[in-house]
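coords-v1.txt follows; it contains compact mmCIF, C-alpha atoms.
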# COMPACT_ATOMS: atom_id res chain seq x y z
CA MET A 1 -15.46 -22.19 -20.19
CA CYS A 2 -15.49 -18.53 -19.12
CA ARG A 3 -13.13 -15.64 -19.80
CA ILE A 4 -11.67 -13.31 -17.16
CA PHE A 5 -10.08 -9.86 -17.26
CA GLY A 6 -8.74 -8.00 -14.22
CA PHE A 7 -7.02 -4.62 -14.13
CA ARG A 8 -5.38 -2.75 -11.23
CA SER A 9 -3.33 0.42 -11.78
CA VAL A 10 -1.91 3.40 -9.91
CA ILE A 11 -3.77 5.72 -12.27
CA GLN A 12 -7.23 5.72 -13.75
CA SER A 13 -7.11 4.19 -17.20
CA GLN A 14 -9.63 3.26 -19.85
CA VAL A 15 -9.81 -0.43 -20.66
CA HIS A 16 -11.78 -0.08 -23.90
CA ARG A 17 -9.04 -1.63 -26.04
CA SER A 18 -8.76 -4.71 -23.80
CA LEU A 19 -12.51 -5.22 -23.65
CA VAL A 20 -13.61 -4.13 -27.12
CA SER A 21 -11.24 -2.78 -29.73
CA ALA A 22 -8.25 -5.16 -29.91
CA ASP A 23 -8.47 -8.09 -32.32
CA ASN A 24 -8.57 -10.55 -29.41
CA ALA A 25 -10.39 -8.27 -26.97
CA LEU A 26 -12.81 -9.83 -24.53
CA VAL A 27 -15.84 -9.03 -26.67
CA GLN A 28 -14.36 -10.97 -29.61
CA GLN A 29 -14.35 -14.11 -27.46
CA SER A 30 -18.01 -13.86 -26.51
CA ASP A 31 -19.24 -15.99 -29.41
CA ARG A 32 -17.62 -18.94 -27.57
CA HIS A 33 -18.78 -17.68 -24.15
CA PRO A 34 -22.36 -16.58 -24.83
CA ASP A 35 -24.11 -16.96 -21.47
CA GLY A 36 -23.82 -13.43 -20.12
CA TRP A 37 -21.24 -10.84 -19.15
CA GLY A 38 -20.42 -8.57 -16.26
CA VAL A 39 -18.12 -5.62 -15.60
CA ALA A 40 -17.19 -4.23 -12.18
CA TYR A 41 -15.32 -0.95 -11.78
CA TYR A 42 -14.62 1.36 -8.87
CA ASN A 43 -15.66 4.99 -8.60
CA ALA A 44 -14.73 7.02 -5.49
CA GLY A 45 -13.76 3.74 -3.82
CA ALA A 46 -17.16 2.11 -4.39
CA PRO A 47 -17.76 -0.85 -6.73
CA HIS A 48 -20.22 -0.51 -9.59
CA VAL A 49 -21.31 -3.82 -11.11
CA ILE A 50 -23.17 -4.06 -14.44
CA LYS A 51 -24.37 -7.44 -15.75
CA SER A 52 -26.35 -8.87 -18.63
CA VAL A 53 -27.40 -12.34 -19.78
CA ALA A 54 -26.93 -11.29 -23.41
CA THR A 55 -23.88 -12.14 -25.49
CA ALA A 56 -21.34 -9.34 -25.11
CA MET A 57 -20.67 -9.05 -28.85
CA ASP A 58 -24.35 -8.38 -29.55
CA ASP A 59 -25.02 -6.24 -26.48
CA HIS A 60 -24.83 -2.50 -27.02
CA LEU A 61 -24.67 -2.01 -23.25
CA PHE A 62 -21.35 -3.88 -23.11
CA GLN A 63 -19.96 -1.62 -25.84
CA ARG A 64 -21.18 1.49 -24.05
CA VAL A 65 -19.95 0.46 -20.58
CA SER A 66 -16.55 -0.55 -21.94
CA GLY A 67 -16.22 2.79 -23.69
CA ILE A 68 -16.84 4.95 -20.63
CA VAL A 69 -15.13 2.95 -17.89
CA ALA A 70 -12.02 4.69 -16.59
CA SER A 71 -10.93 3.34 -13.23
CA GLU A 72 -7.93 2.19 -11.23
CA THR A 73 -9.61 -1.23 -10.85
CA VAL A 74 -11.76 -3.16 -13.34
CA LEU A 75 -12.93 -6.78 -13.30
CA ALA A 76 -14.77 -8.29 -16.28
CA HIS A 77 -16.17 -11.73 -17.07
CA LEU A 78 -17.74 -13.59 -19.98
CA ARG A 79 -19.80 -16.57 -18.87
CA LYS A 80 -20.12 -19.99 -20.39
CA ALA A 81 -22.39 -21.71 -17.92
CA THR A 82 -21.49 -25.03 -16.31
CA GLN A 83 -23.53 -24.83 -13.09
CA GLY A 84 -26.60 -22.65 -12.53
CA SER A 85 -29.32 -21.29 -14.79
CA LEU A 86 -28.91 -18.36 -17.17
CA SER A 87 -29.96 -15.42 -15.01
CA ILE A 88 -28.57 -12.16 -13.66
CA ILE A 89 -28.07 -13.59 -10.16
CA ASN A 90 -25.81 -16.33 -11.61
CA THR A 91 -23.83 -13.89 -13.75
CA HIS A 92 -20.38 -12.74 -12.64
CA PRO A 93 -18.93 -10.66 -11.03
CA PHE A 94 -20.40 -11.46 -7.65
CA GLN A 95 -20.27 -8.70 -5.06
CA TYR A 96 -20.26 -8.43 -1.28
CA GLY A 97 -19.49 -4.99 0.10
CA HIS A 98 -16.35 -3.78 -1.65
CA TRP A 99 -15.30 -7.28 -2.71
CA VAL A 100 -16.03 -8.55 -6.23
CA PHE A 101 -15.18 -11.99 -7.60
CA VAL A 102 -15.06 -13.83 -10.93
CA HIS A 103 -14.46 -17.54 -11.52
CA ASN A 104 -13.46 -19.49 -14.57
CA GLY A 105 -14.17 -23.06 -13.68
CA ASN A 106 -16.46 -25.65 -12.19
CA LEU A 107 -16.92 -27.65 -9.01
CA ALA A 108 -17.29 -31.33 -9.84
CA ASN A 109 -20.44 -33.02 -8.50
CA PHE A 110 -21.69 -29.66 -7.28
CA ALA A 111 -25.31 -30.76 -6.92
CA ALA A 112 -24.24 -33.48 -4.50
CA ILE A 113 -21.95 -31.31 -2.37
CA ARG A 114 -23.71 -27.92 -2.56
CA SER A 115 -25.49 -28.24 0.78
CA GLU A 116 -22.27 -29.20 2.56
CA LEU A 117 -20.36 -26.29 0.99
CA VAL A 118 -23.11 -23.81 1.87
CA ALA A 119 -23.18 -25.13 5.45
CA ARG A 120 -19.50 -24.21 5.76
CA VAL A 121 -20.22 -20.57 4.92
CA PRO A 122 -20.80 -18.48 8.09
CA PRO A 123 -24.53 -17.78 8.58
CA VAL A 124 -23.99 -14.01 8.45
CA LEU A 125 -22.70 -14.47 4.88
CA ARG A 126 -24.74 -17.51 3.86
CA ARG A 127 -27.99 -15.56 3.64
CA PHE A 128 -26.60 -13.49 0.76
CA ILE A 129 -26.21 -16.51 -1.54
CA LEU A 130 -29.04 -15.86 -3.99
CA GLY A 131 -28.29 -17.99 -7.05
CA ASP A 132 -27.67 -21.64 -7.80
CA SER A 133 -24.17 -21.42 -9.29
CA ASP A 134 -21.07 -23.06 -7.86
CA SER A 135 -19.08 -19.85 -8.38
CA GLU A 136 -21.21 -17.82 -5.96
CA VAL A 137 -20.85 -20.48 -3.25
CA LEU A 138 -17.08 -20.52 -3.84
CA PHE A 139 -16.99 -16.74 -3.39
CA TYR A 140 -18.82 -16.82 -0.06
CA LEU A 141 -16.74 -19.75 1.15
CA LEU A 142 -13.64 -17.64 0.47
CA LEU A 143 -15.16 -14.62 2.23
CA GLY A 144 -15.86 -16.84 5.22
CA HIS A 145 -12.19 -17.74 5.53
CA MET A 146 -11.22 -14.10 5.15
CA ALA A 147 -13.72 -13.03 7.84
CA GLN A 148 -11.96 -15.31 10.33
CA ARG A 149 -8.87 -13.11 10.00
CA HIS A 150 -10.17 -9.54 9.68
CA GLU A 151 -13.37 -7.59 9.31
CA LEU A 152 -14.22 -7.84 5.62
CA HIS A 153 -14.83 -4.13 5.22
CA ARG A 154 -11.42 -3.24 6.66
CA VAL A 155 -9.61 -0.70 4.52
CA GLY A 156 -6.27 -2.14 3.49
CA TYR A 157 -7.20 -5.79 4.14
CA PRO A 158 -3.73 -7.45 4.26
CA LEU A 159 -2.72 -9.15 1.04
CA ALA A 160 -0.97 -12.00 2.89
CA ASP A 161 -4.22 -12.86 4.64
CA VAL A 162 -6.16 -12.84 1.37
CA VAL A 163 -3.63 -15.27 -0.09
CA ALA A 164 -3.78 -17.50 2.99
CA SER A 165 -7.59 -17.54 2.76
CA VAL A 166 -7.37 -18.47 -0.93
CA ARG A 167 -5.11 -21.41 -0.06
CA GLU A 168 -7.48 -22.60 2.67
CA THR A 169 -10.54 -22.30 0.44
CA VAL A 170 -8.93 -24.17 -2.44
CA ALA A 171 -7.82 -26.97 -0.07
CA GLU A 172 -11.32 -27.19 1.42
CA VAL A 173 -12.98 -27.46 -1.98
CA ILE A 174 -10.47 -30.05 -3.17
CA GLY A 175 -11.28 -32.08 -0.07
CA LEU A 176 -14.83 -32.43 -1.37
CA THR A 177 -14.39 -32.46 -5.15
CA GLY A 178 -10.97 -34.06 -5.58
CA GLU A 179 -7.97 -32.53 -7.27
CA PRO A 180 -8.70 -30.00 -10.01
CA CYS A 181 -8.06 -30.84 -13.62
CA LEU A 182 -4.87 -29.06 -14.68
CA ASP A 183 -5.54 -29.43 -18.40
CA ASP A 184 -7.11 -26.23 -19.76
CA ALA A 185 -8.85 -28.31 -22.43
CA GLY A 186 -10.04 -30.99 -20.01
CA PRO A 187 -13.64 -32.19 -19.57
CA PRO A 188 -15.99 -29.40 -18.44
CA ASP A 189 -17.44 -31.45 -15.58
CA ARG A 190 -14.10 -31.62 -13.72
CA THR A 191 -13.06 -29.17 -11.00
CA TYR A 192 -11.34 -25.93 -12.07
CA LEU A 193 -10.50 -23.19 -9.57
CA THR A 194 -9.21 -20.22 -11.54
CA PHE A 195 -10.56 -16.96 -10.09
CA VAL A 196 -9.86 -13.29 -9.34
CA LEU A 197 -10.88 -11.30 -6.26
CA THR A 198 -10.56 -7.57 -5.54
CA ASN A 199 -11.86 -4.88 -3.21
CA GLY A 200 -10.68 -2.11 -5.51
CA ARG A 201 -7.33 -1.78 -3.77
CA THR A 202 -6.05 -5.32 -3.26
CA MET A 203 -6.34 -7.77 -6.17
CA VAL A 204 -5.52 -11.50 -6.10
CA ALA A 205 -5.69 -14.10 -8.88
CA HIS A 206 -5.38 -17.89 -8.53
CA GLN A 207 -4.70 -20.37 -11.33
CA GLY A 208 -6.64 -23.54 -10.65
CA GLY A 209 -6.49 -25.44 -13.93
CA LYS A 210 -7.88 -22.92 -16.40
CA GLN A 211 -5.18 -20.77 -17.98
CA LEU A 212 -4.49 -17.32 -16.56
CA TYR A 213 -1.84 -14.83 -17.63
CA TYR A 214 -0.56 -11.72 -15.92
CA THR A 215 1.46 -8.66 -16.84
CA THR A 216 3.09 -5.92 -14.74
CA HIS A 217 5.12 -4.06 -17.39
CA LYS A 218 5.39 -3.15 -21.06
CA ARG A 219 8.17 -3.53 -23.57
CA ARG A 220 8.00 0.21 -24.12
CA CYS A 221 5.24 2.36 -22.73
CA PRO A 222 3.65 4.54 -25.44
CA ASP A 223 2.87 7.15 -22.76
CA ARG A 224 6.41 7.33 -21.34
CA GLY A 225 6.88 10.91 -22.55
CA HIS A 226 3.89 12.43 -20.77
CA CYS A 227 2.53 10.03 -18.11
CA PRO A 228 3.07 11.57 -14.63
CA SER A 229 3.35 8.07 -13.10
CA PHE A 230 5.95 6.72 -15.54
CA GLY A 231 8.91 5.00 -13.88
CA PRO A 232 11.52 2.31 -14.57
CA GLU A 233 9.17 -0.41 -13.29
CA CYS A 234 6.81 0.37 -16.17
CA GLU A 235 9.25 -1.26 -18.60
CA LYS A 236 10.91 -4.00 -16.60
CA ALA A 237 9.80 -7.07 -14.66
CA SER A 238 9.39 -6.71 -10.91
CA GLU A 239 10.35 -9.32 -8.36
CA ARG A 240 8.07 -10.54 -5.60
CA GLY A 241 7.92 -7.81 -2.97
CA GLY A 242 8.67 -5.09 -5.51
CA PHE A 243 6.30 -2.34 -6.52
CA VAL A 244 4.48 -2.16 -9.84
CA LYS A 245 2.44 0.49 -11.61
CA HIS A 246 -0.14 -1.97 -12.89
CA LEU A 247 -1.26 -5.58 -12.70
CA VAL A 248 -3.42 -7.05 -15.45
CA VAL A 249 -4.67 -10.64 -15.51
CA ALA A 250 -6.51 -12.31 -18.38
CA SER A 251 -7.52 -15.74 -19.60
CA GLU A 252 -5.27 -15.24 -22.62
CA PRO A 253 -2.64 -12.62 -23.53
CA LEU A 254 -4.19 -9.52 -25.05
CA GLN A 255 -2.64 -7.60 -27.89
CA GLY A 256 -0.59 -4.51 -27.17
CA ASP A 257 2.68 -3.57 -25.50
CA ASN A 258 2.32 -5.60 -22.31
CA VAL A 259 4.67 -8.50 -21.55
CA TRP A 260 2.53 -11.48 -20.51
CA ASN A 261 3.50 -14.38 -18.24
CA PRO A 262 1.51 -17.59 -17.67
CA LEU A 263 0.55 -18.51 -14.13
CA ARG A 264 1.32 -22.11 -13.22
CA PRO A 265 -1.28 -24.31 -11.52
CA TYR A 266 -1.88 -23.27 -7.88
CA GLU A 267 0.15 -20.09 -8.40
CA VAL A 268 -1.16 -16.81 -7.00
CA VAL A 269 -0.39 -13.30 -8.19
CA GLY A 270 -1.63 -10.16 -6.49
CA VAL A 271 -1.00 -6.61 -5.36
CA ASP A 272 -1.87 -4.85 -2.12
CA TRP A 273 -3.17 -1.30 -1.63
CA SER A 274 0.34 0.09 -2.20
CA MET A 275 0.83 -1.97 -5.41
CA LYS A 276 3.36 -4.26 -3.80
CA LEU A 277 3.58 -7.45 -5.85
CA GLU A 278 2.96 -10.95 -4.51
CA LEU A 279 3.74 -14.04 -6.59
CA SER A 280 3.71 -17.41 -4.88
CA SER A 281 3.20 -21.10 -5.53
CA ALA A 282 1.33 -23.49 -3.27
CA ALA A 283 3.41 -24.63 -0.30
Take the structure I supplied and represent it as structure tokens, if you would.
Amino acid sequence: MCRIFGFRSVIQSQVHRSLVSADNALVQQSDRHPDGWGVAYYNAGAPHVIKSVATAMDDHLFQRVSGIVASETVLAHLRKATQGSLSIINTHPFQYGHWVFVHNGNLANFAAIRSELVARVPPVLRRFILGDSDSEVLFYLLLGHMAQRHELHRVGYPLADVVASVRETVAEVIGLTGEPCLDDAGPPDRTYLTFVLTNGRTMVAHQGGKQLYYTTHKRRCPDRGHCPSFGPECEKASERGGFVKHLVVASEPLQGDNVWNPLRPYEVVGVDWSMKLELSSAA
């Protein structure tokens, strides 16, 4: 299916190596995920989303965007379509206000349940669903749950309430599609609910059957001698509730100095505006 990359850091950093230059960078995987790409990054607190239906490896725009992006928050996606036609409006990331979303997965029997899922999205949000992909409907369903708790444009939207909304959304979808397939190599027509959501400050990732890895520290930071934000947490694992200097999530571990950990099915990892770490399993 698709490939996901999410990056959140206390300092602006270039992500060119992760997206382009490493041997297993995102662009190297695009021959197996050829149905479009998208990159979202934040500048002065505002999201900028660039998409294409071309294959990332052959698209000079992907190379150029990846080379110039320096941000505290980046979200990237390579699409291998399961639901929805090949078009810009079906290409990830999806955006509403400051929130951007990418999904690696599928909703089983989506054609049969689409109308019921869309009906559960609040009307004020429903009118912004433009495409015919399951991922976009999933995004707006999640936003609907979040809007019941706080105004979506609230600065510093509480991480705990994002996580609670993720749990509710996953449970609601499972109620219609059945339990997700927890085998990463399972049939593509089953339900998979692996996704990442961010507003540029808070970032949350959920493992819903498709593999997802995360890292919060490096074995040894190559910039330890001159980085103004270097601290002990840069080179050691942080516990839940601790503070981290970065959170990176990816569909597979990327080469470099980072120490990668697999998320288990239904596990959530995230950071809030202050980079406080959340790591929790389903209740």
> Near region 223-238 of chain A, within 12 Å and counting only C-alpha atoms, which residues show up once chain neighbours fewer than 2 positions away are dropped, as an MDAnalysis selection string?
Replying inline: chainID A and resid 9:13 214:221 240:247 257:261 271 275:279
Show me the residues around (-25.9, -7.1, -17.4) - criterion: an atom at most 7 Å away, all atoms listed in the file counted - as a PDB file with C-alpha atoms, keeping the file's coordinate frame.
ATOM      1  CA  TRP A  37     -21.240 -10.840 -19.150  1.00  0.00           C
ATOM      2  CA  GLY A  38     -20.420  -8.570 -16.260  1.00  0.00           C
ATOM      3  CA  ILE A  50     -23.170  -4.060 -14.440  1.00  0.00           C
ATOM      4  CA  LYS A  51     -24.370  -7.440 -15.750  1.00  0.00           C
ATOM      5  CA  SER A  52     -26.350  -8.870 -18.630  1.00  0.00           C
ATOM      6  CA  VAL A  53     -27.400 -12.340 -19.780  1.00  0.00           C
ATOM      7  CA  ILE A  88     -28.570 -12.160 -13.660  1.00  0.00           C
TER       8      ILE A  88
END
Give me the box for region 269-283 of chain A as lines of an AutoDock Vina configuration file, namely the centre and edge lengths in Å to one decimal of a box along x, y and z that holds every listed atom plus 3 Å on each side.
center_x = 0.3
center_y = -12.3
center_z = -4.2
size_x = 12.9
size_y = 30.7
size_z = 13.9
> Any idea what the distance is between CA of Glu116 (chain A) and CA of Glu136 (chain A)?
Replying inline: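 The value is 14.3 Å.
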>> So that I can check the surroundings of Glu72 (chain A), please list as an MDAnalysis selection string every protein, DNA and RNA residue that reaches within 12 Å of it, counting only C-alpha atoms and ignoring chain neighbours fewer than 2 positions away.
In response: chainID A and resid 6:15 40:47 69:70 74:75 198:203 245:248 273 275
>> Calculated over only C-alpha atoms, which of the candidates A:Leu152, A:Leu117, A:Leu141, A:Leu212 has the smallest distance to Asp184 (chain A)?
In response: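 Residue with the minimum atom-to-atom distance to Asp184 (chain A): A:Leu212.
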> From the set A:Arg264, A:His92, A:His145, A:Arg154, which residue has the shortest atom-to-atom contact distance to Ser281 (chain A), counting only C-alpha atoms?
Replying inline: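 Comparing A:Arg264, A:His92, A:His145, A:Arg154 against Ser281 (chain A), the winner is A:Arg264.
Considering the residues A:Ala205, A:Val39, A:Val102, A:Ala250 and counting all atoms listed in the file, Ser133 (chain A) has its shortest atom-to-atom contact with A:Val102.
Taking all atoms listed in the file into account, Pro180 (chain A) lies nearest to A:Leu193 out of the set A:Ala76, A:Ile113, A:Leu193, A:Val268.
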>> Which residues are near Ile89 (chain A)? Cut-off 9 Å, all atoms listed in the file, ignore same chain within fewer than 3 positions. Put them as a list in words.
In response: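 Listing them by chain and then by number gives Leu86, His92, Phe94, Leu130, Gly131, Asp132 and Ser133 of chain A.
Closest approach to Ser274 (chain A) among A:Pro158, A:Gly175, A:Pro262, A:Pro222: A:Pro158, based on only C-alpha atoms.
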Within 8 Å of file point (-10.0, -15.8, 0.5), counting all atoms listed in the file, expressed as an mmCIF file with C-alpha atoms, keeping the file's coordinate frame:
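Generated file (out_18.cif):
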data_model
loop_
_atom_site.group_PDB
_atom_site.id
_atom_site.type_symbol
_atom_site.label_atom_id
_atom_site.label_comp_id
_atom_site.auth_asym_id
_atom_site.auth_seq_id
_atom_site.Cartn_x
_atom_site.Cartn_y
_atom_site.Cartn_z
ATOM 1 C CA LEU A 141 -16.740 -19.750 1.150
ATOM 2 C CA LEU A 142 -13.640 -17.640 0.470
ATOM 3 C CA LEU A 143 -15.160 -14.620 2.230
ATOM 4 C CA GLY A 144 -15.860 -16.840 5.220
ATOM 5 C CA HIS A 145 -12.190 -17.740 5.530
ATOM 6 C CA MET A 146 -11.220 -14.100 5.150
ATOM 7 C CA ASP A 161 -4.220 -12.860 4.640
ATOM 8 C CA VAL A 162 -6.160 -12.840 1.370
ATOM 9 C CA VAL A 163 -3.630 -15.270 -0.090
ATOM 10 C CA ALA A 164 -3.780 -17.500 2.990
ATOM 11 C CA SER A 165 -7.590 -17.540 2.760
ATOM 12 C CA VAL A 166 -7.370 -18.470 -0.930
ATOM 13 C CA ARG A 167 -5.110 -21.410 -0.060
ATOM 14 C CA GLU A 168 -7.480 -22.600 2.670
ATOM 15 C CA THR A 169 -10.540 -22.300 0.440
#
>> Please report the interatomic distance between CA of Gln255 (chain A) and CA of Gln211 (chain A) in Å with one decimal.
In response: 16.7 Å
